[in-house]
Structure formats: structure tokens, C-alpha cells
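Data from data.tsv: TSV, C-alpha atoms
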```
chain	number	residue	atom	x	y	z
A	25	MET	CA	9.64	-1.76	-14.82
A	26	SER	CA	6.07	-0.64	-15.18
A	27	LEU	CA	2.81	-2.27	-14.33
A	28	ALA	CA	1.03	-3.69	-17.34
A	29	PRO	CA	-1.95	-1.49	-18.22
A	30	GLU	CA	-4.37	-4.19	-17.17
A	31	GLU	CA	-2.73	-4.34	-13.76
A	32	ILE	CA	-4.34	-2.59	-10.89
A	33	TYR	CA	-3.73	-2.15	-7.20
A	34	VAL	CA	-5.97	-2.25	-4.17
A	35	ARG	CA	-5.47	-0.28	-0.95
A	36	VAL	CA	-5.94	-2.61	1.96
A	37	LYS	CA	-6.27	-0.96	5.37
A	38	ARG	CA	-5.80	-2.23	8.90
A	39	GLN	CA	-5.46	0.05	11.93
A	40	ASN	CA	-2.75	2.56	10.97
A	41	GLN	CA	-1.48	0.46	8.08
A	42	THR	CA	-2.21	0.68	4.36
A	43	TYR	CA	-1.06	-1.98	1.92
A	44	PHE	CA	-0.84	-0.95	-1.73
A	45	ILE	CA	-1.15	-4.40	-3.33
A	46	PRO	CA	-0.51	-4.73	-7.09
A	47	CYS	CA	-2.81	-7.32	-8.66
A	48	ALA	CA	-4.74	-8.24	-11.77
A	49	PRO	CA	-8.55	-7.97	-11.98
A	50	ASP	CA	-8.88	-11.75	-12.38
A	51	ASP	CA	-6.65	-12.53	-9.37
A	52	LYS	CA	-8.35	-14.46	-6.61
A	53	ILE	CA	-8.83	-12.92	-3.17
A	54	ARG	CA	-6.34	-15.49	-1.89
A	55	VAL	CA	-3.61	-13.90	-4.03
A	56	VAL	CA	-4.17	-10.52	-2.37
A	57	LYS	CA	-3.80	-12.14	1.07
A	58	GLU	CA	-0.58	-13.83	-0.01
A	59	LYS	CA	0.79	-10.49	-1.18
A	60	ILE	CA	-0.08	-8.91	2.17
A	61	GLU	CA	1.84	-11.78	3.75
A	62	GLN	CA	4.82	-10.80	1.57
A	63	ALA	CA	4.44	-7.14	2.56
A	64	LEU	CA	4.51	-8.08	6.24
A	65	LYS	CA	7.99	-9.56	5.79
A	66	VAL	CA	9.31	-6.00	5.84
A	67	SER	CA	8.07	-5.44	9.33
A	68	GLU	CA	9.39	-7.63	12.11
A	69	LYS	CA	6.62	-7.07	14.61
A	70	ASP	CA	3.89	-8.45	12.33
A	71	ASP	CA	6.12	-11.10	10.83
A	72	GLY	CA	4.50	-14.50	10.79
A	73	VAL	CA	0.88	-13.59	10.02
A	74	THR	CA	0.08	-15.77	7.03
A	75	ALA	CA	-2.68	-15.62	4.42
A	76	ASP	CA	-4.59	-18.33	6.32
A	77	HIS	CA	-5.01	-15.95	9.24
A	78	MET	CA	-6.38	-12.99	7.33
A	79	ARG	CA	-9.88	-11.94	6.45
A	80	LEU	CA	-10.50	-9.38	3.71
A	81	LEU	CA	-13.63	-7.26	3.79
A	82	MET	CA	-15.34	-4.53	1.83
A	83	PRO	CA	-15.34	-1.27	3.79
A	84	PRO	CA	-18.50	-0.45	5.78
A	85	PRO	CA	-21.42	-0.21	5.32
A	86	LYS	CA	-21.15	-3.30	3.08
A	87	SER	CA	-18.51	-5.10	5.16
A	88	THR	CA	-18.86	-8.22	3.00
A	89	VAL	CA	-16.29	-10.87	3.86
A	90	LEU	CA	-14.41	-11.74	0.67
A	91	GLU	CA	-14.01	-15.42	-0.22
A	92	ASP	CA	-10.55	-16.79	-1.08
A	93	ASP	CA	-11.56	-18.50	-4.34
A	94	GLN	CA	-13.47	-15.57	-5.83
A	95	ALA	CA	-11.82	-13.19	-8.28
A	96	LEU	CA	-11.56	-9.46	-7.66
A	97	THR	CA	-13.96	-8.86	-10.55
A	98	HIS	CA	-16.61	-10.93	-8.74
A	99	TYR	CA	-16.81	-8.19	-6.10
A	100	GLU	CA	-16.42	-5.40	-8.68
A	101	ILE	CA	-13.06	-4.47	-7.16
A	102	LYS	CA	-11.27	-1.99	-9.44
A	103	ASN	CA	-8.07	0.03	-9.46
A	104	ASP	CA	-7.55	1.91	-6.17
A	105	THR	CA	-10.49	0.18	-4.44
A	106	GLU	CA	-10.18	0.34	-0.66
A	107	LEU	CA	-10.48	-2.93	1.26
A	108	HIS	CA	-10.03	-3.77	4.91
A	109	VAL	CA	-8.12	-6.65	6.46
A	110	VAL	CA	-8.29	-8.19	9.92
A	111	PHE	CA	-5.88	-10.70	11.43
A	112	GLN	CA	-6.80	-13.76	13.43
A	113	ILE	CA	-5.74	-13.43	17.06
A	114	SER	CA	-6.53	-16.97	18.22
A	115	GLU	CA	-8.59	-19.92	17.05
A	116	ASN	CA	-11.97	-18.26	17.40
A	117	LEU	CA	-10.96	-14.66	17.77
A	118	TRP	CA	-10.49	-12.08	15.05
A	119	GLU	CA	-9.52	-8.45	15.28
A	120	THR	CA	-12.35	-5.99	14.93
A	121	VAL	CA	-12.23	-3.76	11.89
A	122	ALA	CA	-10.54	-0.58	13.02
A	123	VAL	CA	-9.14	1.74	10.42
A	124	GLU	CA	-7.50	5.05	11.13
A	125	SER	CA	-9.29	7.94	9.52
A	126	MET	CA	-7.09	9.69	6.98
A	127	ASP	CA	-9.12	12.61	5.76
A	128	ILE	CA	-7.52	16.00	5.34
A	129	ALA	CA	-8.88	17.39	8.60
A	130	SER	CA	-7.40	14.60	10.74
A	131	SER	CA	-3.98	14.91	9.14
A	132	ALA	CA	-1.20	16.62	11.04
A	133	ALA	CA	-0.58	20.16	9.93
A	134	PRO	CA	2.82	20.69	8.32
A	135	SER	CA	5.30	22.39	10.61
B	5	MET	CA	15.62	-12.56	10.49
B	6	ASP	CA	18.32	-15.21	9.87
B	7	ALA	CA	21.47	-14.66	7.87
B	8	GLU	CA	20.16	-16.58	4.86
B	9	THR	CA	17.19	-14.29	4.32
B	10	PRO	CA	17.95	-11.82	1.55
B	11	ASN	CA	17.44	-8.19	2.54
B	12	THR	CA	15.56	-7.35	-0.61
B	13	THR	CA	11.89	-7.75	0.12
B	14	GLN	CA	9.16	-7.48	-2.51
B	15	PHE	CA	7.62	-4.59	-0.58
B	16	VAL	CA	9.00	-1.59	1.29
B	17	LYS	CA	7.43	0.30	4.17
B	18	LEU	CA	7.03	4.07	4.33
B	19	VAL	CA	6.22	5.74	7.65
B	20	SER	CA	4.33	9.05	7.73
B	21	ALA	CA	4.60	12.00	10.14
B	22	GLU	CA	1.85	10.44	12.28
B	23	GLY	CA	3.63	7.08	12.33
B	24	SER	CA	1.18	5.36	9.98
B	25	GLU	CA	2.65	2.60	7.85
B	26	PHE	CA	2.29	2.29	4.09
B	27	TYR	CA	3.48	-0.84	2.32
B	28	ILE	CA	4.24	-0.39	-1.36
B	29	ASP	CA	5.73	-2.49	-4.12
B	30	ARG	CA	9.49	-1.99	-4.29
B	31	ASN	CA	9.47	-1.78	-8.09
B	32	VAL	CA	6.90	0.99	-8.02
B	33	ALA	CA	8.92	2.88	-5.40
B	34	VAL	CA	12.22	2.73	-7.29
B	35	SER	CA	10.76	3.33	-10.74
B	36	ALA	CA	8.50	6.26	-9.86
B	37	SER	CA	10.53	8.20	-7.25
B	38	LYS	CA	14.19	9.09	-7.71
B	39	THR	CA	14.52	9.91	-4.01
B	40	LEU	CA	13.17	6.52	-2.95
B	41	ARG	CA	15.39	4.82	-5.51
B	42	THR	CA	18.48	6.50	-4.09
B	43	MET	CA	17.48	5.55	-0.55
B	44	LEU	CA	16.69	1.94	-1.41
B	45	GLU	CA	19.61	1.25	-3.69
B	46	GLY	CA	22.38	3.15	-1.95
B	47	GLN	CA	24.44	2.38	1.10
B	48	PHE	CA	21.80	3.83	3.40
B	49	ARG	CA	20.20	2.26	6.41
B	50	GLU	CA	16.91	2.36	4.49
B	51	ALA	CA	18.33	-0.04	1.90
B	52	LYS	CA	19.00	-2.60	4.62
B	53	ASP	CA	15.83	-2.11	6.64
B	54	ASN	CA	13.40	-1.64	3.72
B	55	VAL	CA	11.77	1.04	5.86
B	56	ILE	CA	11.74	4.72	4.95
B	57	ARG	CA	10.65	7.33	7.46
B	58	LEU	CA	9.07	10.47	6.04
B	59	PRO	CA	8.50	12.61	9.16
B	60	GLU	CA	7.62	15.68	7.09
B	61	ILE	CA	4.81	14.08	5.12
B	62	SER	CA	1.40	13.65	6.74
B	63	ASN	CA	-0.90	10.64	6.28
B	64	TYR	CA	-3.26	12.15	3.81
B	65	ILE	CA	-0.55	13.62	1.61
B	66	LEU	CA	1.51	10.42	1.68
B	67	GLU	CA	-1.47	8.31	0.67
B	68	ARG	CA	-2.17	10.64	-2.27
B	69	ILE	CA	1.51	10.62	-3.28
B	70	LEU	CA	1.57	6.82	-3.26
B	71	GLN	CA	-1.60	6.69	-5.35
B	72	TYR	CA	0.24	8.97	-7.74
B	73	LEU	CA	3.33	6.70	-7.84
B	74	TYR	CA	1.12	3.74	-8.83
B	75	TYR	CA	-0.78	5.90	-11.32
B	76	GLN	CA	2.49	7.05	-12.87
B	77	THR	CA	3.82	3.48	-13.03
B	78	LYS	CA	0.62	2.22	-14.60
B	79	TYR	CA	0.32	4.89	-17.26
B	80	SER	CA	3.87	6.08	-17.97
B	81	ASN	CA	4.28	3.88	-21.05
B	82	SER	CA	0.64	3.71	-21.91
B	83	THR	CA	-0.50	4.75	-25.36
B	84	GLY	CA	-4.17	4.40	-24.51
B	85	ARG	CA	-6.45	6.78	-22.70
B	86	VAL	CA	-4.92	8.11	-19.50
B	87	PRO	CA	-7.46	9.07	-16.85
B	88	GLU	CA	-7.01	12.28	-14.93
B	89	PHE	CA	-5.34	12.23	-11.51
B	90	PRO	CA	-7.59	14.57	-9.50
B	91	ILE	CA	-5.98	16.85	-6.91
B	92	GLU	CA	-8.06	18.74	-4.37
B	93	PRO	CA	-7.05	22.44	-4.43
B	94	GLU	CA	-6.64	22.55	-0.63
B	95	ILE	CA	-3.82	20.01	-0.71
B	96	ALA	CA	-2.12	21.17	-3.90
B	97	LEU	CA	0.72	23.04	-2.17
B	98	GLU	CA	1.53	20.29	0.32
B	99	LEU	CA	1.39	17.71	-2.45
B	100	LEU	CA	3.75	19.78	-4.56
B	101	ILE	CA	6.29	20.07	-1.72
B	102	ALA	CA	6.13	16.34	-1.02
B	103	SER	CA	6.41	15.37	-4.68
B	104	LYS	CA	9.41	17.65	-5.05
B	105	TYR	CA	11.09	16.00	-2.08
B	106	LEU	CA	10.37	12.53	-3.44
B	107	ASP	CA	11.30	13.59	-6.98
B	108	CYS	CA	8.33	11.93	-8.61
```
Rendering of file as C-alpha cells:
Amino acid sequence: MSLAPEEIYVRVKRQNQTYFIPCAPDDKIRVVKEKIEQALKVSEKDDGVTADHMRLLMPPPKSTVLEDDQALTHYEIKNDTELHVVFQISENLWETVAVESMDIASSAAPS
Amino acid sequence: MDAETPNTTQFVKLVSAEGSEFYIDRNVAVSASKTLRTMLEGQFREAKDNVIRLPEISNYILERILQYLYYQTKYSNSTGRVPEFPIEPEIALELLIASKYLDC
């Protein structure tokens, strides 16, 4: 199987996690959240976080909160665009955006 | 997980040397890396857990490798213009070792 040429992926980051989510440019933001929900099924400890309890954002300094019913193209999201996600902790409480830095310098040296 | 849940999830999780977690599409993993395909389709623990630990590959290299897997999947059958996949010279050796291990 291969991705259709018009298919893209976004890299969604949260803490020490990165989700490579395949999508189409005209997919709605909601679709990306639902795919993250699917990805979480792999991992038992985060199992149960559903699309309703996620917020997608542009990385800082923009940090725009992305609306469910807007398409990726609306925010000019392209192939390999980095986004951030936070989960809802309780009714009025959301995680703060905290993403592990992954530049070359902070990477572990090979042994 | 109850007994009725199939083990084959749409995504698989890769864990780097630092313990960071990368979730990638299973189809991309098995079509772009022979090593991942063997691990996910054989009688290995990885096939059951959908989690693959890569303790020799650091965060930065793993992220670049996964970008490459998606790039390869996207453009392998493409007849149109294929953009370049840029590689920083300072990571070229590490990337080469990792891509050899993953057979991609």
C-alpha cells in the first residue's frame, strides 16, 4: 500500500510523544483528533482519551487553537507540518503545552 | 483490553533510546521498512503488543527516519515531481546506520 500522492501527514506532538497522522489536505481538524484517538489504542496508559477531550494547536509563537470543523487547508497545514495536542484533564482543566525538544544537541549520543 | 479486541491496531508505537514515543501508521511501517514488517508480522512479541523498542536509535534520528518512511511511501510510486529529502551532514552517518538496521 502507498499513500495517494495527494495524501499528507502531520506530526502532532505532546510531551514526549509524536503522532505521525496520515490525512488529506481537505480533512477537518476533527478527523486528525479521531486518528490520534485511534493511535492511542496502541498504548494502554493513555487509552480512553477521545477526540472530544483533545485540543489541537499551532506550535508557538502562533499557538492558535484549531477548530474541529475547519479543514487543514484553512490553517495552511501542509505535509510534515508540526502541530501540538493537549488533553483535557477535567471539566475545566487542560494540560499545558509541553513538548520535548528534539534537536540534534539534546539527543542522546550513540553508544 | 478484552478478548474480543483484535490485536491489529491501525497505528503502531516506536520507542526511542530516550523513551520517547512515536505513533506511526501500520501500513507505512510495514510497507517502507522490511525490519518493521518482520517484527510486526512475525511471531514476535512486537506483533502482539504493537510496540517496537529501538534502544539504539535516538529521538532526533528516529524522527528523521520516520519522516523518511512517510516520504518513501508517498513518493515510491509517484511519476510526478519528487521533492528532495534533505539530510543534515552532521547526522548522515547515524541516519545511515539506523536506516540499515530498519532496512528502509
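The residue that comes closest to chain B, out of A:His77, A:Lys86, A:Lys65, A:Lys57 and on the basis of only C-alpha atoms, is A:Lys65.
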*Could you please give me, as number ranges by chain, the residues of protein, DNA or RNA lying at most 9 Å from (-2.5, -5.5, -7.6) in the coordinate frame of the file, considering only C-alpha atoms?*
A: 31-35, 44-49, 51, 56, 59, 103
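Distances from A:Asp127, A:Glu119, A:Glu100, A:Asp76 to chain B were compared using all atoms listed in the file, and the smallest one belongs to A:Asp127.
Here CA of Thr120 in chain A is placed at a distance of 13.5 Å from CA of Met82 in chain A.
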Proximity of chain B to chain A: per-residue shortest pair, 10 Å limit, only C-alpha atoms, as a tab-separated table:
```
residue	atom	partner	partner_atom	distance
B:Met5	CA	A:Glu68	CA	8.1
B:Asn11	CA	A:Val66	CA	9.0
B:Thr12	CA	A:Val66	CA	9.1
B:Thr13	CA	A:Val66	CA	6.5
B:Gln14	CA	A:Gln62	CA	6.8
B:Phe15	CA	A:Ala63	CA	5.1
B:Val16	CA	A:Val66	CA	6.3
B:Lys17	CA	A:Val66	CA	6.8
B:Leu18	CA	A:Thr42	CA	9.8
B:Val19	CA	A:Gln41	CA	9.3
B:Ser20	CA	A:Ala132	CA	9.9
B:Ala21	CA	A:Ala132	CA	7.5
B:Glu22	CA	A:Ala132	CA	7.0
B:Gly23	CA	A:Asn40	CA	7.9
B:Ser24	CA	A:Asn40	CA	4.9
B:Glu25	CA	A:Gln41	CA	4.7
B:Phe26	CA	A:Thr42	CA	4.8
B:Tyr27	CA	A:Tyr43	CA	4.7
B:Ile28	CA	A:Phe44	CA	5.1
B:Asp29	CA	A:Phe44	CA	7.2
B:Arg30	CA	A:Ala63	CA	9.9
B:Asn31	CA	A:Met25	CA	6.7
B:Val32	CA	A:Ser26	CA	7.4
B:Val34	CA	A:Met25	CA	9.1
B:Ser35	CA	A:Met25	CA	6.6
B:Ala36	CA	A:Ser26	CA	9.0
B:Asp53	CA	A:Val66	CA	7.6
B:Asn54	CA	A:Val66	CA	6.3
B:Val55	CA	A:Val66	CA	7.5
B:Pro59	CA	A:Pro134	CA	9.9
B:Glu60	CA	A:Pro134	CA	7.0
B:Ile61	CA	A:Pro134	CA	7.6
B:Ser62	CA	A:Ala132	CA	5.8
B:Asn63	CA	A:Ser131	CA	6.0
B:Tyr64	CA	A:Met126	CA	5.5
B:Ile65	CA	A:Ile128	CA	8.3
B:Glu67	CA	A:Thr42	CA	8.5
B:Leu70	CA	A:Phe44	CA	8.3
B:Gln71	CA	A:Asp104	CA	7.7
B:Tyr74	CA	A:Tyr33	CA	7.8
B:Tyr75	CA	A:Ile32	CA	9.2
B:Gln76	CA	A:Ser26	CA	8.8
B:Thr77	CA	A:Ser26	CA	5.2
B:Lys78	CA	A:Leu27	CA	5.0
B:Tyr79	CA	A:Pro29	CA	6.8
B:Ser80	CA	A:Ser26	CA	7.6
B:Asn81	CA	A:Ser26	CA	7.6
B:Ser82	CA	A:Pro29	CA	6.9
B:Thr83	CA	A:Pro29	CA	9.6
B:Gly84	CA	A:Pro29	CA	8.9
B:Glu94	CA	A:Ile128	CA	8.9
B:Ile95	CA	A:Ile128	CA	8.1
B:Glu98	CA	A:Pro134	CA	8.1
```
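CA of Leu96 in chain A is positioned 22.9 Å from CA of Trp118 in chain A.
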*asked:* If I take CA of Thr97 in chain A and CA of Arg54 in chain A, how far is one from the other in Å, to one decimal?
replied: 13.3 Å
